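J.: This is the structure, below, for whatever I ask next.
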Amino acid sequence: MSNGYNPMKWDCGTRGCFNAIRRPKIEVFAEVLPGRIAMSDIDATVEVNGSFLFMEFKSHLGDIPTGQKIYFQRLTRLSSKITVLVICADAETMMCHALRLIYGGEVFDWEAASLEDVMEELRQWTIWALKPAPLGILRP
């Protein structure tokens, strides 16, 4: 597997646990947010030609936590250029089992998927994102 253009440049063996040392402790902000609202730690995101893809990895099939589900539904309702892909996978091995799409506020069902299927989904999203905007739509 290629390391792409953004390889992880952290050696846990010599520098310690990345999560303990480098992951921001976003939970400290909970006391200033209303009710039980908490910050979300989205696993990956990319922008291509003004379209945004958010990827969230889960270790299990099942419901997305309620707050995160509401967040993703509201986020994808903001624009047709925002997509969320939820992937059921083992983050250590990248063995994927399923994926589900959240788009336009709708949470679609889980579909069986391998890593190759997820890669194809990302390829198709990229092709879609690279298409020019239809005539008549103002672009900044």
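All residue names refer to the structure tokens as shown: chains lettered A, B, ... in order, residues numbered from 1 in each chain, ligands numbered from 1 in order.
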Write out as a list in words which residues come within 9 Å of Ile26 of chain A when counting only C-alpha atoms, dropping same-chain ones fewer than 4 positions away.
T.: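 In the requested form, the answer reads Ala30, Ala38, Met39, Ser40 and Asp41 of chain A.
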J.: For the residues in the current selection, export C-alpha atoms as a PDB file, in the first residue's frame.
T.:
ATOM      1  CA  ALA A  30     -17.100  20.314  26.923  1.00  0.00           C
ATOM      2  CA  ALA A  38     -19.177  17.471  22.612  1.00  0.00           C
ATOM      3  CA  MET A  39     -16.577  18.114  19.913  1.00  0.00           C
ATOM      4  CA  SER A  40     -16.337  15.521  17.130  1.00  0.00           C
ATOM      5  CA  ASP A  41     -13.002  14.060  16.098  1.00  0.00           C
TER       6      ASP A  41
END
J.: Please give the complete set of residues from segment 21-113 of chain A that DSSP, run on the backbone, assigns to strand (DSSP E or B), formatted as number ranges by chain.
T.: A: 44-48, 51-58, 82-90, 95-103, 106-107, 111-112
J.: Print the selection's residues with N, CA and C atoms to a file, as a short mmCIF file (atom, residue, chain, number, x, y, z; two decimals), in the first residue's frame.
T.:
data_model
loop_
_atom_site.label_atom_id
_atom_site.label_comp_id
_atom_site.auth_asym_id
_atom_site.auth_seq_id
_atom_site.Cartn_x
_atom_site.Cartn_y
_atom_site.Cartn_z
N ALA A 44 -10.85 11.61 9.01
CA ALA A 44 -10.16 12.07 7.81
C ALA A 44 -11.09 12.97 7.02
N THR A 45 -10.52 13.93 6.33
CA THR A 45 -11.31 14.82 5.49
C THR A 45 -10.47 15.28 4.31
N VAL A 46 -11.13 15.53 3.20
CA VAL A 46 -10.43 16.01 2.02
C VAL A 46 -11.35 16.97 1.26
N GLU A 47 -10.75 17.95 0.59
CA GLU A 47 -11.48 18.89 -0.26
C GLU A 47 -10.94 18.73 -1.67
N VAL A 48 -11.84 18.56 -2.63
CA VAL A 48 -11.47 18.47 -4.04
C VAL A 48 -12.41 19.38 -4.81
N SER A 51 -15.61 20.51 -3.18
CA SER A 51 -16.43 19.46 -2.57
C SER A 51 -15.65 18.86 -1.40
N PHE A 52 -16.38 18.47 -0.36
CA PHE A 52 -15.75 18.00 0.87
C PHE A 52 -16.22 16.59 1.20
N LEU A 53 -15.25 15.74 1.52
CA LEU A 53 -15.55 14.38 1.95
C LEU A 53 -14.99 14.19 3.35
N PHE A 54 -15.85 13.76 4.26
CA PHE A 54 -15.46 13.44 5.62
C PHE A 54 -15.53 11.93 5.77
N MET A 55 -14.48 11.33 6.32
CA MET A 55 -14.47 9.89 6.54
C MET A 55 -14.40 9.61 8.04
N GLU A 56 -15.29 8.74 8.49
CA GLU A 56 -15.35 8.36 9.89
C GLU A 56 -15.23 6.85 9.98
N PHE A 57 -14.25 6.37 10.73
CA PHE A 57 -14.04 4.94 10.88
C PHE A 57 -14.68 4.45 12.17
N LYS A 58 -15.35 3.32 12.07
CA LYS A 58 -15.97 2.67 13.22
C LYS A 58 -15.49 1.23 13.27
N ILE A 82 -21.07 18.35 0.27
CA ILE A 82 -20.54 17.74 1.48
C ILE A 82 -21.06 16.32 1.58
N THR A 83 -20.13 15.37 1.71
CA THR A 83 -20.45 13.95 1.81
C THR A 83 -19.72 13.37 3.01
N VAL A 84 -20.37 12.43 3.70
CA VAL A 84 -19.73 11.70 4.79
C VAL A 84 -19.75 10.23 4.43
N LEU A 85 -18.60 9.59 4.56
CA LEU A 85 -18.48 8.17 4.34
C LEU A 85 -18.07 7.53 5.67
N VAL A 86 -18.92 6.66 6.21
CA VAL A 86 -18.63 5.96 7.45
C VAL A 86 -18.16 4.57 7.07
N ILE A 87 -17.03 4.16 7.61
CA ILE A 87 -16.41 2.90 7.23
C ILE A 87 -16.24 2.02 8.46
N CYS A 88 -16.75 0.81 8.38
CA CYS A 88 -16.54 -0.17 9.44
C CYS A 88 -15.27 -0.92 9.08
N ALA A 89 -14.23 -0.74 9.91
CA ALA A 89 -12.93 -1.32 9.58
C ALA A 89 -12.08 -1.46 10.83
N ASP A 90 -11.05 -2.27 10.71
CA ASP A 90 -10.02 -2.36 11.73
C ASP A 90 -8.96 -1.32 11.36
N MET A 95 -8.48 -3.52 7.38
CA MET A 95 -9.41 -4.49 6.84
C MET A 95 -10.81 -3.91 7.00
N CYS A 96 -11.47 -3.67 5.87
CA CYS A 96 -12.79 -3.05 5.87
C CYS A 96 -13.87 -4.12 5.75
N HIS A 97 -15.01 -3.84 6.39
CA HIS A 97 -16.12 -4.78 6.37
C HIS A 97 -17.36 -4.18 5.72
N ALA A 98 -17.56 -2.87 5.88
CA ALA A 98 -18.77 -2.24 5.36
C ALA A 98 -18.58 -0.74 5.28
N LEU A 99 -19.46 -0.11 4.54
CA LEU A 99 -19.47 1.35 4.48
C LEU A 99 -20.91 1.83 4.42
N ARG A 100 -21.09 3.07 4.83
CA ARG A 100 -22.40 3.71 4.68
C ARG A 100 -22.17 5.17 4.35
N LEU A 101 -23.07 5.70 3.57
CA LEU A 101 -22.98 7.07 3.09
C LEU A 101 -23.97 7.93 3.86
N ILE A 102 -23.56 9.15 4.13
CA ILE A 102 -24.48 10.16 4.66
C ILE A 102 -24.39 11.34 3.70
N TYR A 103 -25.53 11.67 3.10
CA TYR A 103 -25.55 12.70 2.07
C TYR A 103 -26.92 13.35 2.08
N GLU A 106 -29.44 12.39 4.71
CA GLU A 106 -29.93 11.01 4.78
C GLU A 106 -28.79 10.06 5.14
N VAL A 107 -29.05 9.17 6.10
CA VAL A 107 -28.09 8.14 6.49
C VAL A 107 -28.49 6.87 5.76
N GLU A 111 -23.41 -1.17 3.68
CA GLU A 111 -23.20 -2.07 2.55
C GLU A 111 -21.89 -2.80 2.79
N ALA A 112 -21.87 -4.10 2.54
CA ALA A 112 -20.62 -4.85 2.67
C ALA A 112 -19.58 -4.21 1.76
#
J.: Where does segment 43-69 of chain A meet segment 32-36 of chain A within 12 Å, residue by residue, with the nearest atom pair and distance in Å to one decimal for each, counting only C-alpha atoms, listed by chain and rising number, as a Markdown table?
T.:
| residue | atom | partner | partner_atom | distance |
| --- | --- | --- | --- | --- |
| A:Thr66 | CA | A:Arg36 | CA | 11.3 |
| A:Gly67 | CA | A:Arg36 | CA | 8.9 |
| A:Gln68 | CA | A:Arg36 | CA | 12.0 |
J.: From the list A:Thr76, A:Asn49, A:Thr93, A:Ser59, which residue is nearest Lys131 of chain A when using only C-alpha atoms?
T.: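 Selected residue with least distance to Lys131 of chain A: A:Asn49.
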J.: Please run DSSP on the backbone and report, as a count of residues only, all residues within chain A that come out as alpha helix (DSSP H).
T.: 37
